[in-house]
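Chemist: Could you have a look at this structure, given as structure tokens, before my questions?
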Amino acid sequence: MTDEPVVEVPVVEVPVVEAPVVEVRGLHAFYGASHVLHGIDLAVGRGESLSLMGRNGMGKTTTIRSIFGLVRPRRGEIRIHGQDMTGRAPERIARQGVALVPEGREIFPNLSVEENLMMAARPGRDGATPWTRERVLGIFPRLAERLGSMGDQLSGGEQQMLSIGRALLTNPELLILDEATEGLAPLIRKEIWSVIRGIKKAGVATIIVDKDVNALLSVCDRCLILAKGRVVFSGAASELAGNPEVHRKYLGV
Ligand SMILES: Nc1ncnc2c1ncn2[C@@H]1O[C@H](COP(=O)(O)OP(=O)(O)OP(=O)(O)O)[C@@H](O)[C@H]1O
Ligand SMILES: [Mg+2]
């Protein structure tokens with residue numbers, strides 16, 4: 001045998017690090033020949049709230065649609081709870097605990113509020129059902145009053161509430177909201193923000209896109225700013241709030 005000295009290898013306790021709810025690495029996306037996302041990186045931890053900011057056409061919706069499987073990434077990786085979900089169908093992403101409230105709401109006009117609401121209802125990834133029909137109607141009393149109305153009889157605000165309620169009934173661990181207050185009256189907007197705060201408090205992670213930067217800064221933990229399909233700022237909401245330079249450069253009109 002050799003007479004090499006025996007090296008004592010110290011035993012290192014490796015802490016168990018929980019995988020982020022969603023992690024995006026080096027995401028590139030195209031529409032036809034048009035290259036719109038150029039290597040997006042982002043991560044959202046359990047119960048964390050991330051806002052995705054940037055002027056019109058910078059790639060916010062495309063990033064969200066890629067996470068939800070509606071746009072197939074050309075390059076890069078999307079992991080949900082540590083599992084590679086790149087290129088999977090939206091139904092598969094949803095079963096992994098992600099819900100999307102899309103730009104435009106996508107309420108079925110010829111189904112009732114009740115039908116629109118309940119069509120997506122199912123237990124969460126772990127089988128739990130913290131978001132019941134009663135709980136959702138409790139946070140949106142207007143919907144409770146309009147259960148029999150058809151989707152196309154609702155106001156914009158009611159449609160938005162229905163879209164959020166429907167997403168919550170899938171018992172998600174990550175809720176993605178794309179322009180949830182767009183085009184709504186100030187009072188309804190306030191109501192939606194207050195519901196979003198409640199959802200965050202309940203421990204659901206969120207990715208939020210909205211034009212109201214001040215509301216985003218008051219709700220979100222971290223912010224990401226996109227410009228022409230690239231991340232140009234990533235930091236705590238407080239960091240962005242105290243940085244008028246970045247504000248002016250990437251968010252000002
Ligand atoms: N279906 C599509 N086909 C072709 N190009 C598209 C399509 N959807 C978006 N784009 C283009 O991709 C780029 C990113 O668009 P995206 O919708 O992701 O931006 P956004 O940041 O969500 O903008 P907005 O604030 O206006 O919602 C833009 O240049 C847009 O014109
Ligand atoms: Mg958009």
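By order in the structure tokens, chains are A, B, ...; within a chain, residues start at 1; ligands start at 1, following the order shown.
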So that I can see what lies close to Gly76 (chain A), please list as a PyMOL selection string the residues with an atom at most 7 Å from it, counting only C-alpha atoms and leaving out residues fewer than 2 positions away in the same chain.
Modeler: chain A and resi 25-28+73
Chemist: Take the selection from the previous step and output its residues with C-alpha atoms, as a tab-separated table (two decimals), in the first residue's frame.
Modeler:
```tsv
chain	number	residue	atom	x	y	z
A	25	ARG	CA	-32.30	31.34	-16.45
A	26	GLY	CA	-31.02	32.77	-19.70
A	27	LEU	CA	-34.45	32.93	-21.30
A	28	HIS	CA	-34.59	33.83	-24.99
A	73	PRO	CA	-38.47	29.59	-25.11
```
Chemist: For ligand 1, collect every residue having any atom at a distance of at most 7 Å from a ligand atom (counting only C-alpha atoms and all ligand atoms); output as a ChimeraX atom specification.
Modeler: /A:31,34,36,54-63
Chemist: I'd like to know which residues of region 14-252 of chain A are strand (DSSP E or B) (by DSSP, run on the backbone); could you write them as a ChimeraX atom specification?
Modeler: /A:22-31,34-44,49-53,75-80,83-84,98-101,112,150,174-178,205-209,222-227,230-236
Chemist: Excluding Gly151 (chain A) and any residue of its chain fewer than 2 positions from it, enumerate the residues within 8 Å of it, using only C-alpha atoms, and give them as a PyMOL selection string.
Modeler: chain A and resi 107-113+116+149+153-154+159
Chemist: I need the residues in region 49-148 of chain A that are alpha helix (DSSP H) according to DSSP; give them as an NGL selection string.
Modeler: :A and (60-67 or 90-95 or 113-118 or 133-139 or 141-145)
Chemist: How would the residues just chosen look if you wrote them out with N, CA and C atoms as an mmCIF file, in the first residue's frame?
Modeler:
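selection-v5.cif was written with the following content:
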```cif
data_model
loop_
_atom_site.group_PDB
_atom_site.id
_atom_site.type_symbol
_atom_site.label_atom_id
_atom_site.label_comp_id
_atom_site.auth_asym_id
_atom_site.auth_seq_id
_atom_site.Cartn_x
_atom_site.Cartn_y
_atom_site.Cartn_z
ATOM 1 N N LYS A 60 -42.429 42.259 -20.878
ATOM 2 C CA LYS A 60 -43.011 41.795 -19.612
ATOM 3 C C LYS A 60 -43.992 40.642 -19.842
ATOM 4 N N THR A 61 -44.943 40.882 -20.730
ATOM 5 C CA THR A 61 -45.949 39.845 -20.995
ATOM 6 C C THR A 61 -45.304 38.600 -21.599
ATOM 7 N N THR A 62 -44.338 38.796 -22.465
ATOM 8 C CA THR A 62 -43.672 37.635 -23.086
ATOM 9 C C THR A 62 -42.943 36.808 -22.029
ATOM 10 N N THR A 63 -42.330 37.470 -21.056
ATOM 11 C CA THR A 63 -41.656 36.750 -19.975
ATOM 12 C C THR A 63 -42.670 35.908 -19.200
ATOM 13 N N ILE A 64 -43.784 36.535 -18.865
ATOM 14 C CA ILE A 64 -44.844 35.851 -18.126
ATOM 15 C C ILE A 64 -45.420 34.685 -18.934
ATOM 16 N N ARG A 65 -45.667 34.955 -20.213
ATOM 17 C CA ARG A 65 -46.237 33.900 -21.066
ATOM 18 C C ARG A 65 -45.260 32.739 -21.244
ATOM 19 N N SER A 66 -43.979 33.043 -21.210
ATOM 20 C CA SER A 66 -42.978 31.977 -21.305
ATOM 21 C C SER A 66 -43.003 31.120 -20.041
ATOM 22 N N ILE A 67 -43.089 31.768 -18.880
ATOM 23 C CA ILE A 67 -43.136 31.012 -17.622
ATOM 24 C C ILE A 67 -44.356 30.101 -17.619
ATOM 25 N N PRO A 90 -49.164 24.834 -20.741
ATOM 26 C CA PRO A 90 -49.739 25.601 -19.624
ATOM 27 C C PRO A 90 -50.444 24.717 -18.584
ATOM 28 N N GLU A 91 -51.140 23.700 -19.045
ATOM 29 C CA GLU A 91 -51.858 22.818 -18.127
ATOM 30 C C GLU A 91 -50.887 22.153 -17.140
ATOM 31 N N ARG A 92 -49.729 21.783 -17.643
ATOM 32 C CA ARG A 92 -48.708 21.135 -16.809
ATOM 33 C C ARG A 92 -48.110 22.140 -15.810
ATOM 34 N N ILE A 93 -47.898 23.365 -16.303
ATOM 35 C CA ILE A 93 -47.360 24.439 -15.443
ATOM 36 C C ILE A 93 -48.373 24.732 -14.331
ATOM 37 N N ALA A 94 -49.645 24.771 -14.694
ATOM 38 C CA ALA A 94 -50.691 25.062 -13.715
ATOM 39 C C ALA A 94 -50.708 23.988 -12.629
ATOM 40 N N ARG A 95 -50.523 22.736 -13.031
ATOM 41 C CA ARG A 95 -50.531 21.657 -12.039
ATOM 42 C C ARG A 95 -49.332 21.738 -11.102
ATOM 43 N N VAL A 113 -70.994 33.724 -14.093
ATOM 44 C CA VAL A 113 -69.910 33.989 -13.140
ATOM 45 C C VAL A 113 -69.562 32.704 -12.399
ATOM 46 N N GLU A 114 -70.597 32.017 -11.924
ATOM 47 C CA GLU A 114 -70.392 30.752 -11.199
ATOM 48 C C GLU A 114 -69.602 29.749 -12.044
ATOM 49 N N GLU A 115 -70.013 29.613 -13.309
ATOM 50 C CA GLU A 115 -69.341 28.643 -14.199
ATOM 51 C C GLU A 115 -67.901 29.068 -14.502
ATOM 52 N N ASN A 116 -67.715 30.374 -14.783
ATOM 53 C CA ASN A 116 -66.366 30.880 -15.037
ATOM 54 C C ASN A 116 -65.455 30.615 -13.842
ATOM 55 N N LEU A 117 -66.034 30.815 -12.670
ATOM 56 C CA LEU A 117 -65.262 30.698 -11.435
ATOM 57 C C LEU A 117 -64.880 29.255 -11.146
ATOM 58 N N MET A 118 -65.859 28.370 -11.271
ATOM 59 C CA MET A 118 -65.658 27.008 -10.793
ATOM 60 C C MET A 118 -64.982 26.090 -11.811
ATOM 61 N N ARG A 133 -64.461 28.295 -2.716
ATOM 62 C CA ARG A 133 -65.434 29.179 -3.360
ATOM 63 C C ARG A 133 -65.891 30.260 -2.362
ATOM 64 N N GLU A 134 -66.149 29.853 -1.132
ATOM 65 C CA GLU A 134 -66.646 30.797 -0.121
ATOM 66 C C GLU A 134 -65.599 31.862 0.201
ATOM 67 N N ARG A 135 -64.365 31.422 0.305
ATOM 68 C CA ARG A 135 -63.302 32.385 0.631
ATOM 69 C C ARG A 135 -63.137 33.406 -0.492
ATOM 70 N N VAL A 136 -63.179 32.910 -1.730
ATOM 71 C CA VAL A 136 -63.022 33.807 -2.877
ATOM 72 C C VAL A 136 -64.206 34.772 -2.960
ATOM 73 N N LEU A 137 -65.422 34.270 -2.742
ATOM 74 C CA LEU A 137 -66.592 35.156 -2.781
ATOM 75 C C LEU A 137 -66.553 36.121 -1.595
ATOM 76 N N GLY A 138 -65.891 35.707 -0.523
ATOM 77 C CA GLY A 138 -65.726 36.580 0.638
ATOM 78 C C GLY A 138 -64.844 37.786 0.338
ATOM 79 N N ILE A 139 -63.787 37.572 -0.470
ATOM 80 C CA ILE A 139 -62.924 38.722 -0.782
ATOM 81 C C ILE A 139 -63.476 39.532 -1.960
ATOM 82 N N PRO A 141 -67.104 40.357 -2.729
ATOM 83 C CA PRO A 141 -68.550 40.303 -2.484
ATOM 84 C C PRO A 141 -69.376 40.629 -3.738
ATOM 85 N N ARG A 142 -68.811 41.470 -4.619
ATOM 86 C CA ARG A 142 -69.544 41.798 -5.855
ATOM 87 C C ARG A 142 -69.837 40.555 -6.687
ATOM 88 N N LEU A 143 -68.874 39.648 -6.707
ATOM 89 C CA LEU A 143 -69.055 38.422 -7.498
ATOM 90 C C LEU A 143 -70.162 37.569 -6.875
ATOM 91 N N ALA A 144 -70.206 37.579 -5.544
ATOM 92 C CA ALA A 144 -71.228 36.795 -4.844
ATOM 93 C C ALA A 144 -72.619 37.274 -5.249
ATOM 94 N N GLU A 145 -72.729 38.586 -5.519
ATOM 95 C CA GLU A 145 -74.036 39.142 -5.903
ATOM 96 C C GLU A 145 -74.375 38.858 -7.358
#
```
Chemist: Determine, counting only C-alpha atoms, which protein, DNA and RNA residues have an atom within 7 Å of an atom of region 178-187 of chain A; residues of the same chain fewer than 5 positions away are not included. Present the result as a tab-separated table (two decimals) with all heavy atoms, in the first residue's frame.
Modeler:
```tsv
chain	number	residue	atom	x	y	z
A	61	THR	N	-44.94	40.88	-20.73
A	61	THR	CA	-45.95	39.84	-20.99
A	61	THR	C	-45.30	38.60	-21.60
A	61	THR	O	-45.66	37.47	-21.26
A	61	THR	CB	-47.06	40.40	-21.93
A	61	THR	OG1	-47.73	41.46	-21.23
A	61	THR	CG2	-48.07	39.33	-22.30
A	101	VAL	N	-53.25	35.37	-14.25
A	101	VAL	CA	-54.36	36.28	-14.54
A	101	VAL	C	-53.88	37.09	-15.73
A	101	VAL	O	-53.06	37.99	-15.58
A	101	VAL	CB	-54.65	37.19	-13.33
A	101	VAL	CG1	-55.73	38.21	-13.66
A	101	VAL	CG2	-55.06	36.34	-12.12
A	102	PRO	N	-54.34	36.72	-16.93
A	102	PRO	CA	-53.72	37.30	-18.13
A	102	PRO	C	-54.16	38.72	-18.43
A	102	PRO	O	-55.22	39.16	-17.97
A	102	PRO	CB	-54.19	36.35	-19.24
A	102	PRO	CG	-55.50	35.83	-18.76
A	102	PRO	CD	-55.42	35.78	-17.26
A	103	GLU	N	-53.34	39.41	-19.19
A	103	GLU	CA	-53.70	40.70	-19.76
A	103	GLU	C	-54.98	40.43	-20.56
A	103	GLU	O	-55.01	39.50	-21.36
A	103	GLU	CB	-52.55	41.09	-20.73
A	103	GLU	CG	-52.21	42.53	-20.80
A	103	GLU	CD	-50.99	42.78	-21.71
A	103	GLU	OE1	-50.50	41.86	-22.38
A	103	GLU	OE2	-50.55	43.93	-21.74
A	156	GLY	N	-65.79	45.93	-16.30
A	156	GLY	CA	-64.36	45.58	-16.38
A	156	GLY	C	-63.81	45.15	-15.03
A	156	GLY	O	-63.06	44.18	-14.93
A	157	GLY	N	-64.20	45.87	-13.99
A	157	GLY	CA	-63.72	45.56	-12.64
A	157	GLY	C	-64.20	44.19	-12.19
A	157	GLY	O	-63.44	43.41	-11.60
A	160	GLN	N	-62.30	41.51	-13.90
A	160	GLN	CA	-60.98	41.37	-13.33
A	160	GLN	C	-61.03	40.57	-12.03
A	160	GLN	O	-60.21	39.70	-11.78
A	160	GLN	CB	-60.36	42.75	-13.08
A	160	GLN	CG	-58.91	42.70	-12.73
A	160	GLN	CD	-58.06	42.10	-13.84
A	160	GLN	OE1	-58.01	42.62	-14.94
A	160	GLN	NE2	-57.43	40.98	-13.56
A	192	ILE	N	-58.69	46.18	-5.90
A	192	ILE	CA	-57.85	45.09	-6.44
A	192	ILE	C	-56.51	45.06	-5.71
A	192	ILE	O	-56.02	44.00	-5.32
A	192	ILE	CB	-57.62	45.27	-7.97
A	192	ILE	CG1	-58.95	45.27	-8.73
A	192	ILE	CG2	-56.65	44.21	-8.51
A	192	ILE	CD1	-59.54	43.94	-9.05
A	208	ILE	N	-46.01	40.49	-10.48
A	208	ILE	CA	-47.02	41.49	-10.82
A	208	ILE	C	-46.48	42.47	-11.86
A	208	ILE	O	-45.40	43.04	-11.70
A	208	ILE	CB	-47.46	42.29	-9.56
A	208	ILE	CG1	-47.82	41.33	-8.42
A	208	ILE	CG2	-48.63	43.20	-9.89
A	208	ILE	CD1	-48.18	42.04	-7.12
A	209	VAL	N	-47.27	42.64	-12.92
A	209	VAL	CA	-46.99	43.66	-13.92
A	209	VAL	C	-48.10	44.69	-13.81
A	209	VAL	O	-49.28	44.32	-13.78
A	209	VAL	CB	-46.99	43.07	-15.35
A	209	VAL	CG1	-46.86	44.17	-16.39
A	209	VAL	CG2	-45.87	42.05	-15.51
A	210	ASP	N	-47.74	45.95	-13.71
A	210	ASP	CA	-48.75	47.00	-13.62
A	210	ASP	C	-48.13	48.34	-13.98
A	210	ASP	O	-46.92	48.51	-13.87
A	210	ASP	CB	-49.31	47.07	-12.19
A	210	ASP	CG	-50.69	47.71	-12.15
A	210	ASP	OD1	-50.78	48.95	-12.12
A	210	ASP	OD2	-51.68	46.96	-12.18
```
Chemist: Of the candidates A:Pro244, A:Gly252, A:Gly229, A:Gly127, which shows the shortest atom-to-atom distance to Asp212 (chain A), using only C-alpha atoms?
Modeler: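 Of all the options, A:Gly252 lies closest to Asp212 (chain A).
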Chemist: For the atom pair CA of Ala99 (chain A) and CA of Pro130 (chain A), what is the interatomic distance in Å to one decimal place?
Modeler: 14.6 Å
Chemist: Please, which residues in region 204-250 of chain A fall within 12 Å of region 9-21 of chain A when counting only C-alpha atoms, and what is the closest atom pair and distance in Å to one decimal for each, ordered by chain then residue number, as a tab-separated table?
Modeler:
```
residue	atom	partner	partner_atom	distance
A:Val204	CA	A:Val21	CA	10.1
A:Ala205	CA	A:Val21	CA	7.8
A:Thr206	CA	A:Val21	CA	9.9
A:Ile207	CA	A:Val21	CA	11.0
```
Chemist: Once you have the residues from the selection above, write them out as a compact mmCIF listing (two decimals), in the first residue's frame, restricted to C-alpha atoms.
Modeler:
```
# COMPACT_ATOMS: atom_id res chain seq x y z
CA VAL A 204 -48.92 33.11 -2.15
CA ALA A 205 -45.91 34.24 -4.21
CA THR A 206 -46.70 36.78 -6.92
CA ILE A 207 -45.26 38.22 -10.10
```
Chemist: Need the shell around region 84-88 of chain A: protein/DNA/RNA residues with any atom at most 6 Å away, counting only C-alpha atoms. Skip same-chain ones fewer than 2 positions apart. Format as a ChimeraX atom specification?
Modeler: /A:69,72,77-79
Chemist: Could you write out the selected residues, including N, CA, C and O atoms, as a PDB file, in the first residue's frame?
Modeler:
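Output below, filename part.pdb:
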```pdb
ATOM      1  N   GLY A  69     -45.864  28.782 -20.104  1.00  0.00           N
ATOM      2  CA  GLY A  69     -45.893  27.787 -21.175  1.00  0.00           C
ATOM      3  C   GLY A  69     -46.665  28.210 -22.415  1.00  0.00           C
ATOM      4  O   GLY A  69     -46.949  27.393 -23.283  1.00  0.00           O
ATOM      5  N   ARG A  72     -43.007  29.356 -26.260  1.00  0.00           N
ATOM      6  CA  ARG A  72     -41.949  28.353 -26.079  1.00  0.00           C
ATOM      7  C   ARG A  72     -40.584  29.023 -26.158  1.00  0.00           C
ATOM      8  O   ARG A  72     -40.264  29.639 -27.185  1.00  0.00           O
ATOM      9  N   GLU A  77     -33.895  28.248 -19.508  1.00  0.00           N
ATOM     10  CA  GLU A  77     -34.487  27.228 -18.645  1.00  0.00           C
ATOM     11  C   GLU A  77     -35.518  27.860 -17.716  1.00  0.00           C
ATOM     12  O   GLU A  77     -35.318  28.964 -17.217  1.00  0.00           O
ATOM     13  N   ILE A  78     -36.615  27.133 -17.506  1.00  0.00           N
ATOM     14  CA  ILE A  78     -37.621  27.566 -16.541  1.00  0.00           C
ATOM     15  C   ILE A  78     -37.827  26.436 -15.549  1.00  0.00           C
ATOM     16  O   ILE A  78     -38.234  25.324 -15.939  1.00  0.00           O
ATOM     17  N   ARG A  79     -37.502  26.684 -14.294  1.00  0.00           N
ATOM     18  CA  ARG A  79     -37.673  25.659 -13.261  1.00  0.00           C
ATOM     19  C   ARG A  79     -38.753  26.108 -12.302  1.00  0.00           C
ATOM     20  O   ARG A  79     -38.776  27.257 -11.879  1.00  0.00           O
TER      21      ARG A  79
END
```
Chemist: Could you work out how far CA of Met53 (chain A) lies from CA of Ala29 (chain A), giving the answer in Å with one decimal?
Modeler: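 Straight-line distance from CA of Ala29 (chain A) to CA of Met53 (chain A) works out to 17.8 Å.
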Chemist: Might you pull out every residue within 12 Å of region 233-235 of chain A, with only C-alpha atoms counted and same-chain residues fewer than 3 positions away left off, and present them as a ChimeraX atom specification?
Modeler: /A:40-43,50-54,217,220-227,230,238-243,245-247,249-251
Chemist: Point out the residue among A:Ile196, A:Leu177, A:Met119, A:Leu168 with the least atom-to-atom distance to ligand 2, counting only C-alpha atoms and all ligand atoms.
Modeler: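 Checking each of A:Ile196, A:Leu177, A:Met119, A:Leu168 against ligand 2, counting only C-alpha atoms and all ligand atoms, the winner is A:Leu177.
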Chemist: Report the distance between CA of Ser194 (chain A) and CA of Met161 (chain A) in Å, rounded to one decimal place.
Modeler: 11.9 Å
